[in-house]
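Input: a single structure, listed below in structure tokens.
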Number of protein chains: 2
Amino acid sequence: MSKSLLELTPVQAVACCSPVTRDPLSAEAAERIAPLVKAIADPVRLRLLSLVSSHADGEACVCDLNDAFDLSQPTISHHLKLLHEAGLLEREKRGVWVYYRVNAGALSDLATLLGGVTA
Amino acid sequence: MSKSLLELTPVQAVACCSPVTRDPLSAEAAERIAPLVKAIADPVRLRLLSLVSSHADGEACVCDLNDAFDLSQPTISHHLKLLHEAGLLEREKRGVWVYYRVNAGALSDLATLLGGVTA
DNA sequence: TATCTATATTGACGGATGTCGATATGTGGT
DNA sequence: ACCACATATCGACATCCGTCAATATAGATA
């Protein structure tokens, strides 16, 4: 049996829908999609996503990421958590270090949803 | 001569950049892109965009849009203003009514920026 | 066990955001 | 001129969000 909607990340909960520009979005669908968009609606999180994605081997250690910002370590940790909970970043602990990598399909699913397909 | 960056809508200010997933985003670029993403990071605004886009002739009157929500008229007006200022909706007054239509390229530019291209 | 380092969590604070009711503005009809 | 209607703006309020300093947790090493 499939997992409850409530156990899915925003990305998983949204992977089904047609682009926003083709059919009127139901209130329920909009409520599912919005948190995913909110997750990337911040300059720090956009840069984090970009840094991880373009990093060697497609993954980056938190220690590398901290250095790229003039922000406290807890703040970066907070943003990484939000991206992870949204399903956009995957988290792997290796020894003392934590590595993040982008969930490959997630961003493109989102892009499709936003109407890239109808261009 | 070209207009100042400050006079451009977020969409115009961003139309130049490569996808977020390919190169590390500069802090400045991230600060330009984030407001655009924020503009669609709300369930009401997502539905507004979707309603306008999928409406007959690609345009919708504010009076139609108000009826689709259990929200006050000023609230819908507020969200439409945000979408317009972001460059995602165009506004045209005809008589007493105001019609909005989606800026055709804007959403797809945004989708491309978010990495749809690298899928 | 003790200690050092990497990362996460907590609690607090200021500023941004979504919503409303009241009001203003603008347009057409009488 | 006046009124009715469509839309926008204003001011207030509650909630959410980004940030920090302080602290907790967990792994490695001695």
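Residue numbering restarts at 1 for every chain of the structure tokens, chains are lettered A, B, ... in their displayed order, and ligands are numbered from 1 as they appear.
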
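Using only C-alpha atoms (C1' of nucleotides), the chain C residues found within 9 Å of chain A amount to DT5, DA6, DT7, DA8 and DT9 of chain C.
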
Please write the residues from the selection above to a file, keeping N, CA and C atoms (P, O5', C5', C4', C3', O3' and C1' of nucleotides), as a PDB file, in the first residue's frame.
```
ATOM      1  P    DT C   5      39.282  21.558  17.780  1.00  0.00           P
ATOM      2  O5'  DT C   5      38.335  20.947  16.637  1.00  0.00           O
ATOM      3  C5'  DT C   5      38.688  19.742  15.985  1.00  0.00           C
ATOM      4  C4'  DT C   5      37.490  19.228  15.219  1.00  0.00           C
ATOM      5  C3'  DT C   5      36.689  20.327  14.517  1.00  0.00           C
ATOM      6  O3'  DT C   5      36.435  19.931  13.186  1.00  0.00           O
ATOM      7  C1'  DT C   5      35.262  18.990  15.839  1.00  0.00           C
ATOM      8  P    DA C   6      35.721  20.882  12.108  1.00  0.00           P
ATOM      9  O5'  DA C   6      34.299  20.178  11.932  1.00  0.00           O
ATOM     10  C5'  DA C   6      34.230  18.858  11.398  1.00  0.00           C
ATOM     11  C4'  DA C   6      32.775  18.444  11.282  1.00  0.00           C
ATOM     12  C3'  DA C   6      31.873  19.461  10.585  1.00  0.00           C
ATOM     13  O3'  DA C   6      31.027  18.783   9.676  1.00  0.00           O
ATOM     14  C1'  DA C   6      31.059  19.017  12.776  1.00  0.00           C
ATOM     15  P    DT C   7      30.054  19.581   8.696  1.00  0.00           P
ATOM     16  O5'  DT C   7      28.682  19.588   9.513  1.00  0.00           O
ATOM     17  C5'  DT C   7      28.008  18.356   9.721  1.00  0.00           C
ATOM     18  C4'  DT C   7      26.905  18.511  10.725  1.00  0.00           C
ATOM     19  C3'  DT C   7      25.789  19.473  10.332  1.00  0.00           C
ATOM     20  O3'  DT C   7      24.646  18.704  10.012  1.00  0.00           O
ATOM     21  C1'  DT C   7      26.354  19.622  12.638  1.00  0.00           C
ATOM     22  P    DA C   8      23.197  19.355   9.757  1.00  0.00           P
ATOM     23  O5'  DA C   8      22.544  19.380  11.218  1.00  0.00           O
ATOM     24  C5'  DA C   8      22.454  18.175  11.953  1.00  0.00           C
ATOM     25  C4'  DA C   8      21.668  18.399  13.235  1.00  0.00           C
ATOM     26  C3'  DA C   8      20.337  19.137  13.052  1.00  0.00           C
ATOM     27  O3'  DA C   8      19.340  18.431  13.766  1.00  0.00           O
ATOM     28  C1'  DA C   8      21.685  20.247  14.666  1.00  0.00           C
ATOM     29  P    DT C   9      17.826  18.942  13.789  1.00  0.00           P
ATOM     30  O5'  DT C   9      17.696  19.717  15.178  1.00  0.00           O
ATOM     31  C5'  DT C   9      18.056  19.053  16.373  1.00  0.00           C
ATOM     32  C4'  DT C   9      17.866  19.982  17.554  1.00  0.00           C
ATOM     33  C3'  DT C   9      16.538  20.744  17.580  1.00  0.00           C
ATOM     34  O3'  DT C   9      15.923  20.535  18.837  1.00  0.00           O
ATOM     35  C1'  DT C   9      18.347  22.216  17.925  1.00  0.00           C
TER      36       DT C   9
END
```

Residues of chain D within 9 Å of chain A: nearest atom pair and distance (Å, one decimal) for each, counting only C-alpha atoms (C1' of nucleotides), sorted by chain and number, as CSV?
```
residue,atom,partner,partner_atom,distance
D:DG18,C1',A:Thr75,CA,7.9
D:DT19,C1',A:Thr75,CA,6.6
D:DC20,C1',A:Ser72,CA,7.2
D:DA26,C1',A:Val96,CA,7.9
D:DG27,C1',A:Val96,CA,5.3
D:DA28,C1',A:Val96,CA,7.7
```

**OP:** Write down, as JSON, numbers by chain, each residue of chain A that has any atom within 9 Å of an atom of chain B, counting only C-alpha atoms.
**Re:** {"A": [19, 20, 21, 22, 23, 24, 25, 26, 27, 28, 29, 30, 31, 32, 33, 34, 35, 36, 37, 38, 39, 40, 41, 42, 43, 44, 45, 46, 47, 48, 49, 50, 51, 52, 53, 54, 55, 69, 104, 105, 107, 108, 109, 110, 111, 112, 113, 114, 115, 116, 117, 118, 119]}

Subject >> Filtered DSSP result for segment 22-116 of chain A, state alpha helix (DSSP H), as a PyMOL selection string >> reply: chain A and resi 27-39+43-54+62-67+73-85+104-113
